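K.L.:
Data: structure-v9.cif, mmCIF, C-alpha atoms.
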data_coords
loop_
_atom_site.label_atom_id
_atom_site.label_comp_id
_atom_site.auth_asym_id
_atom_site.auth_seq_id
_atom_site.Cartn_x
_atom_site.Cartn_y
_atom_site.Cartn_z
CA MET U 4 121.54 150.51 118.47
CA ILE U 5 119.87 153.88 118.67
CA ARG U 6 116.17 153.72 119.47
CA ASP U 7 115.69 157.00 121.28
CA ALA U 8 115.31 160.18 119.25
CA VAL U 9 116.64 162.40 122.04
CA LEU U 10 120.07 160.77 122.22
CA LEU U 11 121.60 162.48 119.20
CA PRO U 12 121.34 165.98 117.71
CA ASP U 13 119.72 166.34 114.31
CA TRP U 14 122.93 167.51 112.64
CA ALA U 15 124.69 164.30 113.69
CA LEU U 16 121.89 162.14 112.30
CA TRP U 17 121.80 164.00 108.98
CA SER U 18 125.57 164.25 108.48
CA SER U 19 126.16 160.58 109.26
CA ALA U 20 123.35 159.61 106.90
CA LEU U 21 124.89 161.67 104.08
CA VAL U 22 128.34 160.13 104.58
CA ALA U 23 126.87 156.62 104.66
CA LEU U 24 124.82 157.35 101.53
CA ALA U 25 127.89 158.58 99.65
CA VAL U 26 129.83 155.40 100.43
CA LEU U 27 126.84 153.23 99.55
CA LEU U 28 126.28 154.96 96.21
CA PHE U 29 129.94 154.53 95.30
CA ALA U 30 129.72 150.81 96.11
CA ILE U 31 126.54 150.41 94.05
CA ARG U 32 127.94 152.31 91.06
CA THR U 33 131.21 150.35 90.97
CA TYR U 34 129.82 146.84 91.50
CA HIS U 35 129.46 144.49 88.52
CA TRP U 36 125.75 143.73 88.96
CA PRO U 37 125.40 141.18 86.13
CA ALA U 38 127.52 138.83 88.23
CA LEU U 39 124.72 138.74 90.80
CA ARG U 40 121.81 139.07 88.39
CA ASP U 41 122.84 136.09 86.25
CA ASN U 42 123.70 133.69 89.07
CA ARG U 43 120.81 132.13 90.97
CA SER U 44 123.02 130.58 93.65
CA ALA U 45 124.71 133.90 94.33
CA GLN U 46 121.28 135.46 94.78
CA HIS U 47 120.45 132.79 97.36
CA PHE U 48 123.65 133.59 99.27
CA PHE U 49 122.80 137.29 99.09
CA ALA U 50 119.26 136.86 100.43
CA GLY U 51 120.39 134.32 103.02
CA SER U 52 123.02 136.75 104.30
CA VAL U 53 120.38 139.43 104.87
CA VAL U 54 118.20 137.00 106.83
CA ALA U 55 121.11 135.57 108.84
CA LEU U 56 122.41 139.01 109.84
CA ALA U 57 118.91 140.20 110.75
CA VAL U 58 118.54 137.20 113.10
CA LEU U 59 121.96 137.76 114.68
CA TRP U 60 121.39 141.49 115.19
CA ASN U 61 117.95 140.92 116.69
CA MET U 62 119.53 138.85 119.47
CA GLN U 63 121.21 141.81 121.14
CA ALA U 64 121.93 142.60 124.76
CA GLY U 65 121.28 146.26 125.49
CA ILE U 66 123.91 147.81 127.75
CA LEU U 67 123.15 151.52 127.36
CA PRO U 68 120.75 153.26 124.95
CA GLY U 69 122.73 153.39 121.73
CA LEU U 70 125.20 150.71 122.81
CA SER U 71 124.57 146.98 122.75
CA PHE U 72 126.36 143.69 122.27
CA HIS U 73 125.46 141.15 119.60
CA LEU U 74 127.15 138.90 117.06
CA MET U 75 127.73 140.86 113.86
CA GLY U 76 128.73 138.34 111.18
CA ILE U 77 130.08 141.15 109.01
CA THR U 78 133.51 139.64 108.34
CA ALA U 79 131.95 136.44 107.01
CA VAL U 80 129.79 138.45 104.60
CA VAL U 81 132.74 140.58 103.49
CA LEU U 82 134.90 137.53 102.75
CA LEU U 83 131.98 135.81 101.05
CA MET U 84 130.92 138.54 98.62
CA GLY U 85 133.30 141.48 98.94
CA TRP U 86 132.84 144.90 100.53
CA ARG U 87 130.42 146.36 97.97
CA LEU U 88 127.74 143.70 98.30
CA ALA U 89 128.41 143.53 102.04
CA LEU U 90 127.39 147.19 102.28
CA VAL U 91 124.15 146.45 100.43
CA VAL U 92 123.44 143.37 102.57
CA THR U 93 123.98 145.26 105.82
CA LEU U 94 121.77 148.12 104.64
CA LEU U 95 118.91 145.72 103.90
CA MET U 96 119.48 144.10 107.30
CA GLN U 97 119.20 147.52 108.97
CA VAL U 98 115.98 148.19 107.07
CA VAL U 99 114.59 144.90 108.43
CA LEU U 100 115.55 145.96 111.97
CA THR U 101 113.80 149.28 111.40
CA LEU U 102 110.63 147.58 110.18
CA THR U 103 110.62 145.24 113.19
CA GLY U 104 111.03 148.11 115.64
CA LYS U 105 114.57 147.29 116.77
CA LEU U 106 115.97 150.48 115.23
CA TRP U 107 114.47 153.95 115.14
CA TRP U 108 114.10 155.02 111.50
CA GLY U 109 115.59 158.48 112.16
CA ALA U 110 118.85 156.91 113.30
CA LEU U 111 119.11 154.50 110.38
CA GLY U 112 121.87 156.48 108.65
CA TYR U 113 123.84 156.94 111.87
CA SER U 114 123.56 153.29 112.82
CA TYR U 115 124.38 152.14 109.30
CA LEU U 116 127.52 154.29 109.16
CA LEU U 117 129.05 153.26 112.48
CA SER U 118 127.81 149.69 112.84
CA CYS U 119 127.96 148.64 109.18
CA VAL U 120 129.99 150.90 106.87
CA VAL U 121 132.93 151.36 109.24
CA PRO U 122 133.28 147.66 110.16
CA VAL U 123 132.76 146.51 106.56
CA LEU U 124 135.52 148.79 105.28
CA PHE U 125 137.82 147.88 108.16
CA SER U 126 137.25 144.16 107.68
CA TYR U 127 138.02 144.36 103.97
CA ALA U 128 141.09 146.53 104.56
CA PHE U 129 142.36 144.01 107.13
CA TYR U 130 141.80 141.20 104.62
CA LEU U 131 143.83 143.11 102.01
CA VAL U 132 146.70 143.50 104.47
CA VAL U 133 146.64 139.76 105.17
CA VAL U 134 146.64 138.91 101.47
CA GLN U 135 149.45 141.31 100.62
CA ARG U 136 151.72 140.82 103.63
CA LEU U 137 151.29 137.21 104.74
CA ARG U 138 151.87 133.90 103.04
CA ARG U 139 149.06 132.54 100.86
CA ASN U 140 147.92 129.68 103.05
CA PRO U 141 144.38 128.42 103.79
CA PHE U 142 145.10 128.36 107.52
CA VAL U 143 146.31 131.97 107.43
CA TYR U 144 143.15 132.91 105.53
CA ILE U 145 140.88 131.17 108.04
CA LEU U 146 142.72 132.14 111.24
CA ILE U 147 143.90 135.67 110.43
CA ALA U 148 141.54 136.96 107.72
CA GLY U 149 138.59 135.16 109.31
CA PHE U 150 138.88 134.61 113.07
CA ILE U 151 141.13 137.50 114.14
CA ASN U 152 139.66 139.86 111.55
CA ALA U 153 136.14 139.25 112.89
CA GLY U 154 137.15 139.93 116.50
CA LEU U 155 138.93 143.15 115.59
CA THR U 156 136.06 144.25 113.37
CA HIS U 157 133.68 143.84 116.28
CA ALA U 158 136.01 145.93 118.45
CA VAL U 159 136.33 148.68 115.84
CA SER U 160 132.56 148.95 115.49
CA ASP U 161 131.93 149.14 119.24
CA ILE U 162 134.77 151.58 119.87
CA SER U 163 133.70 153.88 117.04
CA GLN U 164 130.13 153.98 118.35
CA SER U 165 131.40 154.63 121.88
CA LEU U 166 133.67 157.47 120.77
CA ALA U 167 130.85 159.02 118.74
CA LEU U 168 128.51 159.06 121.75
CA TRP U 169 131.28 160.48 123.94
CA TRP U 170 132.14 163.18 121.37
CA LEU U 171 128.46 164.12 121.13
CA ASN U 172 128.33 164.43 124.96
CA VAL U 173 125.77 161.65 125.30
CA TYR U 174 127.89 159.63 127.77
CA THR U 175 131.11 160.17 129.68
CA LEU U 176 134.16 158.04 128.98
CA ASP U 177 134.01 156.61 132.50
CA LEU U 178 130.44 155.44 131.99
CA ILE U 179 131.19 153.98 128.56
CA TRP U 180 134.21 152.12 129.88
CA HIS U 181 132.56 150.86 133.05
CA ASP U 182 129.26 149.76 131.51
CA TYR U 183 130.34 148.79 127.99
CA LEU U 184 133.89 148.71 126.67
CA ARG U 185 135.44 146.67 129.46
CA TYR U 186 133.20 143.77 128.39
CA LEU U 187 134.31 143.99 124.77
CA PRO U 188 136.78 141.03 124.90
CA LEU U 189 133.87 138.80 125.93
CA MET U 190 132.25 139.50 122.54
CA MET U 191 135.36 139.56 120.37
CA PHE U 192 136.10 135.88 120.93
CA PRO U 193 132.64 134.46 120.04
CA GLU U 194 132.52 136.84 117.06
CA GLY U 195 135.79 135.37 115.85
CA VAL U 196 134.63 131.81 116.45
CA VAL U 197 131.32 132.19 114.59
CA ASN U 198 132.87 133.91 111.58
CA GLY U 199 135.91 131.63 111.57
CA MET U 200 133.75 128.50 111.61
CA PHE U 201 131.69 129.78 108.70
CA ILE U 202 134.77 130.68 106.66
CA SER U 203 136.49 127.36 107.39
CA GLY U 204 133.36 125.50 106.29
CA MET U 205 133.22 127.49 103.07
CA VAL U 206 136.92 126.87 102.38
CA VAL U 207 136.43 123.12 102.81
CA PHE U 208 133.10 122.62 101.03
CA HIS U 209 132.31 125.67 98.86
CA THR U 210 135.57 127.40 98.03
CA ARG U 211 134.32 128.84 94.75
CA TRP U 212 131.67 130.90 96.54
CA LEU U 213 134.24 132.88 98.52
CA SER U 214 134.92 135.89 96.33
CA THR U 215 138.04 136.75 98.37
CA PHE U 216 139.58 133.27 98.22
CA ASP U 217 141.72 132.38 95.19
CA GLU U 218 141.85 128.60 95.18
CA ASP U 219 144.71 128.42 92.66
CA SER U 220 146.77 130.84 94.71
CA TYR U 221 146.16 129.19 98.08
CA PHE U 222 146.47 125.53 97.02
CA ARG U 223 149.12 125.71 94.30
#
Can you turn what I pasted into structure tokens?
P.N.:
Amino acid sequence: MIRDAVLLPDWALWSSALVALAVLLFAIRTYHWPALRDNRSAQHFFAGSVVALAVLWNMQAGILPGLSFHLMGITAVVLLMGWRLALVVTLLMQVVLTLTGKLWWGALGYSYLLSCVVPVLFSYAFYLVVVQRLRRNPFVYILIAGFINAGLTHAVSDISQSLALWWLNVYTLDLIWHDYLRYLPLMMFPEGVVNGMFISGMVVFHTRWLSTFDEDSYFR
């Protein structure tokens, strides 16, 4: 995560914030808010997701300023409540990180775009491909839409942040590869395991709370 103001030019911070804001506003405007407002249990899942992600993202290993490794948990949140609420949850999590000093407030929009918006949209798009192209099977949902999706989502987030810092001439590709990207597989697997375990537990015990899981379709 970005904590140093001198890493990025002002135009990059402002433009990324505007793009992230546009996506967030679209998600907020198109979400059916009464579904959350009228359901106390759903509100508990929503608040619990913010807290859980904030804890996971606080336990990060800094590699280079602006690049770090940590469990994301984004795929689990996307499969639990869909991409729109996932964007809101991750924004609130980023605000918590800002208030606790883990994230510099000026880079909030940049960090939110590359470490939250991009992986959330990718994770949901990957889920849609799984639903449309593969057989409706609980094991496919858990293994592909959960485990593999989470690992790839982690990779997409880290690669997008790396390419952004390279394009902005903050780091060279050699430095990014040597000090960061070559260790990416070591984080993809635990990311998949954590998210996959959560999704498998929800499928077994609380299927109705997974907004992306159609019980009638998968168990017919």
K.L.:
On this structure, which residues satisfy the PyMOL selection byres ((chain U and resi 27) around 12), written as a ChimeraX atom specification?
P.N.:
/U:20-26,28-34,86-95,112,115-116,119-121,123-124
K.L.:
At a cut-off of 12 Å from (131.9, 147.1, 126.7) in the coordinates of the file, what residues are picked up using all atoms listed in the file, written as a PyMOL selection string?
P.N.:
chain U and resi 64-67+70-73+157-165+176-191
K.L.:
With the PyMOL selection byres ((chain U and resi 49) around 12) as the selection, what would be picked from this file? Answer as a ChimeraX atom specification, please.
P.N.:
/U:38-40,42-48,50-56,80-81,83-85,87-93,95-96,212
K.L.:
Quick one: everything within 10 Å of Leu111 (chain U), counting only C-alpha atoms, minus sequence neighbours fewer than 3 positions away in the same chain. Send it as an MDAnalysis selection string.
P.N.:
chainID U and resid 4:6 16:17 19:20 23 94 97:98 100:101 106:108 114:116
K.L.:
Between CA of Thr156 (chain U) and CA of Phe125 (chain U), what is the distance in Å, rounded to a tenth?
P.N.:
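Separation between CA of Thr156 (chain U) and CA of Phe125 (chain U): 6.6 Å.
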K.L.:
Calculate how many Å separate CA of Ala110 (chain U) from CA of Trp14 (chain U), rounding to one decimal.
P.N.:
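Answer for the CA of Ala110 (chain U) to CA of Trp14 (chain U) separation: 11.4 Å.
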K.L.:
Could you put an axis-aligned box around every listed atom of region 197-214 of chain U, padded by 6 Å on each side, and send me its centre and edge lengths in Å to one decimal, as AutoDock Vina command-line options?
P.N.:
--center_x 134.1 --center_y 129.3 --center_z 104.7 --size_x 17.6 --size_y 25.3 --size_z 31.8
K.L.:
Can you tell me how far CA of Leu146 (chain U) sits from CA of Val58 (chain U), in Å to one decimal?
P.N.:
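CA of Val58 (chain U) lies at a distance of 24.8 Å from CA of Leu146 (chain U).
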K.L.:
Applied to the shown file, which residues does the PyMOL selection byres ((chain U and resi 194) around 8) return, written as a VMD selection string?
P.N.:
chain U and resid 74 to 76 150 153 to 154 157 190 to 193 195 to 198
K.L.:
Give the answer as one residue: which of U:Leu10, U:Ala128, U:Ala15, U:Met205 has the shortest atom-to-atom distance to Asn152 (chain U), using all atoms listed in the file?
P.N.:
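Closest candidate: U:Ala128.
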K.L.:
Counting only C-alpha atoms, which of U:Val206, U:Ala148, U:Val143, U:Leu171 gets nearest to Asp13 (chain U)?
P.N.:
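Counting only C-alpha atoms, the residue closest to Asp13 (chain U) is U:Leu171.
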